file target-v7.cif (mmCIF, C-alpha atoms)
data_protein
#
loop_
_atom_site.label_atom_id
_atom_site.label_comp_id
_atom_site.auth_asym_id
_atom_site.auth_seq_id
_atom_site.Cartn_x
_atom_site.Cartn_y
_atom_site.Cartn_z
CA MET M 1437 -7.88 -64.44 38.70
CA THR M 1438 -10.53 -67.15 38.30
CA ALA M 1439 -13.35 -67.23 35.78
CA ALA M 1440 -15.85 -67.10 38.64
CA SER M 1441 -14.62 -63.65 39.63
CA ILE M 1442 -14.25 -61.85 36.27
CA ILE M 1443 -17.07 -59.47 35.31
CA ASP M 1444 -17.59 -58.21 31.77
CA SER M 1445 -18.92 -54.71 32.39
CA HIS M 1446 -20.70 -54.32 29.03
CA VAL M 1447 -22.38 -56.88 26.75
CA TYR M 1448 -25.48 -56.69 24.55
CA LEU M 1449 -28.58 -58.91 24.47
CA GLY M 1450 -31.08 -59.20 21.62
CA GLU M 1451 -31.15 -58.88 17.83
CA SER M 1452 -30.00 -55.48 16.60
CA ILE M 1453 -31.46 -53.60 13.67
CA PHE M 1454 -27.87 -53.45 12.39
CA GLY M 1455 -27.74 -57.19 11.75
CA TRP M 1456 -25.96 -58.61 14.77
CA GLY M 1457 -27.16 -60.05 18.05
CA VAL M 1458 -26.89 -62.68 20.73
CA ALA M 1459 -29.32 -64.60 22.94
CA ALA M 1460 -28.75 -65.10 26.67
CA ASP M 1461 -27.69 -68.74 26.49
CA GLU M 1462 -25.28 -68.04 23.64
CA LEU M 1463 -23.86 -65.08 25.55
CA ILE M 1464 -23.20 -67.22 28.60
CA ALA M 1465 -21.37 -69.77 26.45
CA ARG M 1466 -19.23 -67.13 24.75
CA LEU M 1467 -18.26 -65.58 28.08
CA GLU M 1468 -17.37 -68.96 29.56
CA ALA M 1469 -15.11 -69.62 26.56
CA ALA M 1470 -13.29 -66.40 27.46
CA GLY M 1471 -12.94 -67.34 31.12
CA VAL M 1472 -15.59 -64.85 32.21
CA ARG M 1473 -18.39 -65.77 34.60
CA ARG M 1474 -20.55 -62.65 34.99
CA ALA M 1475 -21.67 -59.77 32.78
CA VAL M 1476 -23.57 -56.48 32.77
CA ALA M 1477 -26.05 -56.75 29.88
CA VAL M 1478 -27.74 -53.91 27.97
CA PRO M 1479 -30.39 -53.99 25.23
CA VAL M 1480 -29.71 -53.58 21.51
CA LYS M 1481 -31.58 -51.18 19.25
CA PRO M 1482 -34.19 -53.50 17.69
CA ARG M 1483 -35.78 -53.46 14.26
CA GLY M 1484 -39.01 -52.13 15.70
CA TYR M 1485 -37.26 -49.23 17.46
CA HIS M 1486 -39.24 -49.91 20.66
CA LEU M 1487 -36.89 -50.30 23.62
CA GLY M 1488 -39.48 -51.38 26.19
CA PRO M 1489 -39.63 -55.01 24.94
CA GLU M 1490 -35.83 -55.09 24.87
CA ASN M 1491 -35.74 -54.04 28.51
CA ASP M 1492 -38.17 -56.89 29.19
CA ARG M 1493 -35.79 -59.26 27.37
CA VAL M 1494 -32.81 -58.21 29.49
CA ALA M 1495 -34.88 -58.46 32.68
CA ALA M 1496 -35.94 -61.99 31.72
CA ALA M 1497 -32.30 -62.98 31.17
CA GLN M 1498 -31.43 -61.53 34.57
CA ARG M 1499 -34.17 -63.64 36.19
CA THR M 1500 -32.99 -66.76 34.34
CA TYR M 1501 -29.32 -66.22 35.19
CA PRO M 1502 -29.37 -64.20 38.43
CA ASP M 1503 -25.78 -65.08 39.31
CA ARG M 1504 -24.49 -64.46 35.81
CA ILE M 1505 -26.27 -61.39 34.40
CA ARG M 1506 -27.02 -57.91 35.75
CA GLY M 1507 -29.32 -56.02 33.42
CA PHE M 1508 -29.34 -52.33 32.55
CA ALA M 1509 -32.28 -50.50 30.98
CA ARG M 1510 -32.09 -48.60 27.70
CA VAL M 1511 -34.27 -45.62 26.79
CA ASP M 1512 -34.36 -42.97 24.07
CA ALA M 1513 -33.96 -39.53 25.65
CA ASN M 1514 -35.69 -37.96 22.64
CA LEU M 1515 -38.99 -39.38 23.93
CA GLY M 1516 -39.03 -37.04 26.92
CA ALA M 1517 -41.62 -38.02 29.53
CA ASP M 1518 -42.14 -41.42 27.88
CA ALA M 1519 -38.43 -42.15 28.33
CA VAL M 1520 -38.63 -41.15 31.98
CA ASP M 1521 -41.65 -43.43 32.47
CA GLU M 1522 -39.83 -46.35 30.84
CA ALA M 1523 -36.74 -45.75 32.97
CA GLU M 1524 -38.89 -45.78 36.10
CA ARG M 1525 -40.61 -48.99 34.99
CA ALA M 1526 -37.36 -50.75 34.09
CA LEU M 1527 -35.50 -49.71 37.23
CA GLY M 1528 -38.52 -50.37 39.44
CA GLU M 1529 -40.91 -53.05 38.21
CA LEU M 1530 -38.36 -54.92 36.09
CA GLY M 1531 -35.59 -54.74 38.68
CA LEU M 1532 -32.84 -53.59 36.33
CA HIS M 1533 -29.73 -52.10 37.89
CA GLY M 1534 -28.77 -49.04 35.86
CA LEU M 1535 -29.27 -47.09 32.65
CA PHE M 1536 -27.58 -47.46 29.26
CA LEU M 1537 -27.55 -44.53 26.83
CA HIS M 1538 -26.52 -44.75 23.17
CA PRO M 1539 -26.53 -41.18 21.80
CA TRP M 1540 -25.27 -42.30 18.37
CA GLU M 1541 -27.97 -44.87 17.69
CA GLU M 1542 -30.74 -42.79 19.27
CA GLN M 1543 -29.40 -39.53 17.82
CA TYR M 1544 -29.09 -36.93 20.58
CA ARG M 1545 -26.20 -35.11 22.18
CA VAL M 1546 -25.34 -36.59 25.57
CA SER M 1547 -24.53 -33.10 26.87
CA ALA M 1548 -27.99 -31.76 25.95
CA PRO M 1549 -30.48 -30.69 28.66
CA LEU M 1550 -33.00 -33.30 27.51
CA LEU M 1551 -30.91 -35.85 29.45
CA ASP M 1552 -31.52 -34.10 32.76
CA PRO M 1553 -34.91 -35.71 33.63
CA LEU M 1554 -33.45 -39.17 33.06
CA MET M 1555 -30.39 -38.33 35.11
CA GLU M 1556 -32.64 -37.18 37.93
CA VAL M 1557 -34.25 -40.64 37.90
CA VAL M 1558 -30.92 -42.45 38.24
CA ARG M 1559 -29.69 -39.92 40.81
CA ARG M 1560 -32.77 -40.51 42.97
CA ARG M 1561 -32.49 -44.29 42.62
CA GLY M 1562 -28.73 -44.30 43.20
CA VAL M 1563 -27.90 -46.35 40.10
CA PRO M 1564 -25.10 -45.90 37.53
CA VAL M 1565 -25.18 -44.97 33.86
CA ILE M 1566 -23.23 -46.47 30.95
CA VAL M 1567 -22.79 -44.13 27.96
CA ALA M 1568 -21.79 -45.31 24.49
CA THR M 1569 -18.88 -42.89 24.10
CA GLY M 1570 -16.59 -41.59 21.39
CA TYR M 1571 -19.13 -40.96 18.65
CA PRO M 1572 -18.53 -37.68 16.79
CA TYR M 1573 -20.68 -34.72 17.77
CA VAL M 1574 -23.03 -36.68 20.06
CA SER M 1575 -20.95 -38.46 22.73
CA GLU M 1576 -17.29 -37.51 22.62
CA GLY M 1577 -15.35 -37.65 25.86
CA LEU M 1578 -15.74 -34.01 26.81
CA GLN M 1579 -19.47 -34.11 26.08
CA VAL M 1580 -19.80 -36.97 28.55
CA ALA M 1581 -17.71 -34.93 30.98
CA ASP M 1582 -20.23 -32.10 30.66
CA LEU M 1583 -22.99 -34.49 31.75
CA ALA M 1584 -20.83 -35.80 34.59
CA ARG M 1585 -20.16 -32.30 35.89
CA ARG M 1586 -23.89 -31.55 36.01
CA PHE M 1587 -24.53 -34.77 37.95
CA PRO M 1588 -21.43 -35.31 40.11
CA ASP M 1589 -23.20 -37.80 42.40
CA VAL M 1590 -24.05 -40.20 39.53
CA GLN M 1591 -21.49 -42.82 38.50
CA ILE M 1592 -21.01 -42.67 34.72
CA VAL M 1593 -19.10 -45.26 32.71
CA MET M 1594 -17.75 -44.44 29.24
CA THR M 1595 -17.52 -47.24 26.67
CA ASN M 1596 -14.74 -47.69 24.09
CA GLY M 1597 -12.00 -46.26 26.30
CA GLY M 1598 -13.89 -42.96 26.20
CA GLN M 1599 -13.09 -42.44 22.50
CA LEU M 1600 -12.94 -44.12 19.11
CA ASN M 1601 -9.67 -42.61 17.85
CA LEU M 1602 -6.63 -43.67 19.84
CA SER M 1603 -4.27 -41.76 17.56
CA GLY M 1604 -5.73 -38.28 17.97
CA LEU M 1605 -7.58 -35.79 20.10
CA GLY M 1606 -10.17 -38.36 21.21
CA GLN M 1607 -7.57 -39.93 23.46
CA THR M 1608 -6.68 -36.57 24.99
CA ASP M 1609 -10.34 -35.71 25.47
CA ALA M 1610 -10.94 -39.00 27.31
CA GLU M 1611 -8.04 -38.26 29.62
CA LEU M 1612 -9.25 -34.69 30.22
CA ALA M 1613 -12.71 -36.04 31.05
CA LEU M 1614 -11.28 -38.43 33.64
CA ALA M 1615 -9.14 -35.67 35.12
CA GLU M 1616 -12.10 -33.29 35.47
CA CYS M 1617 -14.76 -35.70 36.72
CA PRO M 1618 -14.09 -38.15 39.56
CA ASN M 1619 -17.47 -39.80 38.91
CA LEU M 1620 -16.31 -40.95 35.45
CA THR M 1621 -14.73 -44.31 34.62
CA LEU M 1622 -13.98 -45.95 31.29
CA GLN M 1623 -14.21 -49.40 29.76
CA THR M 1624 -11.51 -51.18 27.76
CA ALA M 1625 -13.52 -52.78 24.92
CA GLY M 1626 -11.89 -52.08 21.58
CA VAL M 1627 -8.87 -50.29 23.03
CA TYR M 1628 -6.14 -52.00 21.04
CA ARG M 1629 -3.31 -49.99 22.65
CA GLU M 1630 -2.31 -51.40 26.01
CA ASP M 1631 -0.20 -48.29 26.58
CA PHE M 1632 -3.35 -46.15 26.66
CA ILE M 1633 -4.91 -48.46 29.26
CA GLU M 1634 -1.72 -48.46 31.29
CA GLY M 1635 -1.43 -44.68 31.03
CA CYS M 1636 -4.95 -44.18 32.37
CA VAL M 1637 -4.18 -46.53 35.26
CA ALA M 1638 -0.90 -44.75 36.01
CA ARG M 1639 -2.43 -41.28 35.89
CA PHE M 1640 -5.88 -41.82 37.39
CA GLY M 1641 -5.68 -45.15 39.22
CA ALA M 1642 -6.80 -48.69 38.41
CA ASP M 1643 -10.17 -47.97 40.01
CA ARG M 1644 -11.10 -45.78 37.01
CA VAL M 1645 -10.83 -48.54 34.37
CA LEU M 1646 -13.19 -51.52 33.82
CA TYR M 1647 -12.79 -54.55 31.61
CA ALA M 1648 -15.54 -54.88 28.97
CA SER M 1649 -16.00 -56.76 25.71
CA SER M 1650 -19.11 -55.20 24.08
CA CYS M 1651 -19.95 -58.75 22.97
CA PRO M 1652 -21.09 -59.65 20.33
CA LEU M 1653 -19.66 -56.57 18.61
CA MET M 1654 -16.23 -57.65 19.82
CA GLU M 1655 -14.74 -60.97 20.83
CA PRO M 1656 -14.61 -61.62 24.61
CA ARG M 1657 -11.65 -63.99 24.27
CA LEU M 1658 -9.54 -61.15 22.87
CA GLU M 1659 -10.95 -58.32 24.97
CA VAL M 1660 -10.11 -59.98 28.29
CA LYS M 1661 -6.54 -60.42 27.06
CA ARG M 1662 -6.16 -56.65 26.74
CA ILE M 1663 -5.99 -56.54 30.53
CA GLN M 1664 -4.09 -59.77 31.01
CA TRP M 1665 -1.44 -58.96 28.41
CA ALA M 1666 -0.73 -55.36 29.44
CA PRO M 1667 2.86 -55.73 30.71
CA ASN M 1668 3.00 -52.83 33.16
CA LEU M 1669 -0.01 -53.66 35.32
CA THR M 1670 0.26 -55.30 38.72
CA ASP M 1671 -1.88 -58.25 39.77
CA ASP M 1672 -3.80 -55.99 42.14
CA GLN M 1673 -4.53 -53.52 39.34
CA ARG M 1674 -5.73 -56.31 37.06
CA ALA M 1675 -7.99 -57.61 39.83
CA LEU M 1676 -9.64 -54.20 40.15
CA MET M 1677 -10.11 -53.83 36.41
CA LEU M 1678 -11.41 -57.36 35.84
CA THR M 1679 -13.63 -57.64 38.91
CA GLY M 1680 -13.43 -55.13 41.75
CA ASN M 1681 -14.48 -52.00 39.90
CA ALA M 1682 -17.49 -53.63 38.26
CA GLU M 1683 -18.60 -55.05 41.60
CA ARG M 1684 -18.34 -51.63 43.20
CA ILE M 1685 -19.96 -49.57 40.45
CA LEU M 1686 -22.23 -51.84 38.38
CA TRP M 1687 -22.85 -55.23 40.00
CA ARG M 1688 -25.47 -54.25 42.57
#
call {"tool": "encode", "arguments": {"input": "target-v7.cif", "output": "structure tokens"}}
result
Amino acid sequence: MTAASIIDSHVYLGESIFGWGVAADELIARLEAAGVRRAVAVPVKPRGYHLGPENDRVAAAQRTYPDRIRGFARVDANLGADAVDEAERALGELGLHGLFLHPWEEQYRVSAPLLDPLMEVVRRRGVPVIVATGYPYVSEGLQVADLARRFPDVQIVMTNGGQLNLSGLGQTDAELALAECPNLTLQTAGVYREDFIEGCVARFGADRVLYASSCPLMEPRLEVKRIQWAPNLTDDQRALMLTGNAERILWR
């Protein structure tokens, strides 16, 4: 597997209200240090709370690095029609390639009906959705599964291995979500147990798991090793997880 072929399926761009961030040129350098060539970039939640300028930032990075960055739009579903308008602008005028939802930082339940107008936008445009997953009450695995069942023709990607608690029911919920919804996949960022990754591959197939780093929240040099170090994966499975799945679902 060469650096030119590996795709990080989830990184952030911008300066977050929570005190962390990364610019496009720094992101490219950090990915190259990890042996990664391409990435799917999403906006942070900024200090000003306005996501439109952050979508502009990601679109500008995509124009600057067209062979390195695919940008996704971010909107706050609580804003109703304004969120729909921003999604249309970002996916149309700005040329972004999908939608990123962060129910924890924007404070809504991903299973709530207020998501439906946004999901209709992505369904009509035929683009995928990445959901920040595993956050209590707002985006646990089975809540994301509820959204996926309502929109079975939309590809939905769950971050954080579909959960934030590998020792408890979160892991089981992530597996139940994958079992119930063929349009769901999950990312590997932060999943410190290779046996969980291998178990998902064994049960659901390597085409349901994507490599991601969530840079700069996590370190790309370590996150890519989670796939490379897992002892019970074949080279073909690693190739799907590191490149093929992202190309099929996200890199459009």
call {"tool": "residues_around", "arguments": {"input": "target-v7.cif", "residues": "region 1554-1566 of chain M", "least_positions_apart": "6", "cutoff": "10 Å", "atoms": "only C-alpha atoms", "output": "number ranges by chain"}}
result
M: 1445-1446, 1478, 1508-1513, 1516-1517, 1519-1524, 1527-1528, 1532-1538, 1583-1584, 1586-1595, 1619-1623, 1685-1688
call {"tool": "write_last_selection", "arguments": {"input": "target-v7.cif", "atoms": "C-alpha atoms", "output": "PDB file, in the coordinates of the input"}}
result
ATOM      1  CA  SER M1445     -18.920 -54.710  32.390  1.00  0.00           C
ATOM      2  CA  HIS M1446     -20.700 -54.320  29.030  1.00  0.00           C
ATOM      3  CA  VAL M1478     -27.740 -53.910  27.970  1.00  0.00           C
ATOM      4  CA  PHE M1508     -29.340 -52.330  32.550  1.00  0.00           C
ATOM      5  CA  ALA M1509     -32.280 -50.500  30.980  1.00  0.00           C
ATOM      6  CA  ARG M1510     -32.090 -48.600  27.700  1.00  0.00           C
ATOM      7  CA  VAL M1511     -34.270 -45.620  26.790  1.00  0.00           C
ATOM      8  CA  ASP M1512     -34.360 -42.970  24.070  1.00  0.00           C
ATOM      9  CA  ALA M1513     -33.960 -39.530  25.650  1.00  0.00           C
ATOM     10  CA  GLY M1516     -39.030 -37.040  26.920  1.00  0.00           C
ATOM     11  CA  ALA M1517     -41.620 -38.020  29.530  1.00  0.00           C
ATOM     12  CA  ALA M1519     -38.430 -42.150  28.330  1.00  0.00           C
ATOM     13  CA  VAL M1520     -38.630 -41.150  31.980  1.00  0.00           C
ATOM     14  CA  ASP M1521     -41.650 -43.430  32.470  1.00  0.00           C
ATOM     15  CA  GLU M1522     -39.830 -46.350  30.840  1.00  0.00           C
ATOM     16  CA  ALA M1523     -36.740 -45.750  32.970  1.00  0.00           C
ATOM     17  CA  GLU M1524     -38.890 -45.780  36.100  1.00  0.00           C
ATOM     18  CA  LEU M1527     -35.500 -49.710  37.230  1.00  0.00           C
ATOM     19  CA  GLY M1528     -38.520 -50.370  39.440  1.00  0.00           C
ATOM     20  CA  LEU M1532     -32.840 -53.590  36.330  1.00  0.00           C
ATOM     21  CA  HIS M1533     -29.730 -52.100  37.890  1.00  0.00           C
ATOM     22  CA  GLY M1534     -28.770 -49.040  35.860  1.00  0.00           C
ATOM     23  CA  LEU M1535     -29.270 -47.090  32.650  1.00  0.00           C
ATOM     24  CA  PHE M1536     -27.580 -47.460  29.260  1.00  0.00           C
ATOM     25  CA  LEU M1537     -27.550 -44.530  26.830  1.00  0.00           C
ATOM     26  CA  HIS M1538     -26.520 -44.750  23.170  1.00  0.00           C
ATOM     27  CA  LEU M1583     -22.990 -34.490  31.750  1.00  0.00           C
ATOM     28  CA  ALA M1584     -20.830 -35.800  34.590  1.00  0.00           C
ATOM     29  CA  ARG M1586     -23.890 -31.550  36.010  1.00  0.00           C
ATOM     30  CA  PHE M1587     -24.530 -34.770  37.950  1.00  0.00           C
ATOM     31  CA  PRO M1588     -21.430 -35.310  40.110  1.00  0.00           C
ATOM     32  CA  ASP M1589     -23.200 -37.800  42.400  1.00  0.00           C
ATOM     33  CA  VAL M1590     -24.050 -40.200  39.530  1.00  0.00           C
ATOM     34  CA  GLN M1591     -21.490 -42.820  38.500  1.00  0.00           C
ATOM     35  CA  ILE M1592     -21.010 -42.670  34.720  1.00  0.00           C
ATOM     36  CA  VAL M1593     -19.100 -45.260  32.710  1.00  0.00           C
ATOM     37  CA  MET M1594     -17.750 -44.440  29.240  1.00  0.00           C
ATOM     38  CA  THR M1595     -17.520 -47.240  26.670  1.00  0.00           C
ATOM     39  CA  ASN M1619     -17.470 -39.800  38.910  1.00  0.00           C
ATOM     40  CA  LEU M1620     -16.310 -40.950  35.450  1.00  0.00           C
ATOM     41  CA  THR M1621     -14.730 -44.310  34.620  1.00  0.00           C
ATOM     42  CA  LEU M1622     -13.980 -45.950  31.290  1.00  0.00           C
ATOM     43  CA  GLN M1623     -14.210 -49.400  29.760  1.00  0.00           C
ATOM     44  CA  ILE M1685     -19.960 -49.570  40.450  1.00  0.00           C
ATOM     45  CA  LEU M1686     -22.230 -51.840  38.380  1.00  0.00           C
ATOM     46  CA  TRP M1687     -22.850 -55.230  40.000  1.00  0.00           C
ATOM     47  CA  ARG M1688     -25.470 -54.250  42.570  1.00  0.00           C
TER      48      ARG M1688
END
call {"tool": "closest_atom_pairs", "arguments": {"input": "target-v7.cif", "of": "region 1447-1502 of chain M", "to": "region 1633-1650 of chain M", "cutoff": "10 Å", "atoms": "all atoms listed in the file", "output": "JSON lines"}}
result
{"residue": "M:Val1447", "atom": "CA", "partner": "M:Ser1650", "partner_atom": "CA", "distance": 4.5}
{"residue": "M:Tyr1448", "atom": "CA", "partner": "M:Ser1650", "partner_atom": "CA", "distance": 6.6}
{"residue": "M:Leu1467", "atom": "CA", "partner": "M:Ser1649", "partner_atom": "CA", "distance": 9.4}
{"residue": "M:Ala1475", "atom": "CA", "partner": "M:Ala1648", "partner_atom": "CA", "distance": 8.7}
{"residue": "M:Val1476", "atom": "CA", "partner": "M:Ala1648", "partner_atom": "CA", "distance": 9.0}
{"residue": "M:Ala1477", "atom": "CA", "partner": "M:Ser1650", "partner_atom": "CA", "distance": 9.2}
{"residue": "M:Val1478", "atom": "CA", "partner": "M:Ser1650", "partner_atom": "CA", "distance": 9.6}
call {"tool": "atom_distance", "arguments": {"input": "target-v7.cif", "atom1": "CA of Arg1629 (chain M)", "atom2": "CA of Pro1652 (chain M)"}}
result
20.4 Å
call {"tool": "atom_distance", "arguments": {"input": "target-v7.cif", "atom1": "CA of Glu1542 (chain M)", "atom2": "CA of Ile1453 (chain M)"}}
result
12.2 Å
call {"tool": "residues_around", "arguments": {"input": "target-v7.cif", "residues": "Pro1482 (chain M)", "least_positions_apart": "4", "cutoff": "10 Å", "atoms": "all atoms listed in the file", "output": "JSON, numbers by chain"}}
result
{"M": [1450, 1451, 1452, 1453, 1454, 1455, 1457, 1486, 1487, 1489, 1490]}
call {"tool": "atom_distance", "arguments": {"input": "target-v7.cif", "atom1": "CA of Gln1579 (chain M)", "atom2": "CA of Ser1547 (chain M)"}}
result
5.2 Å
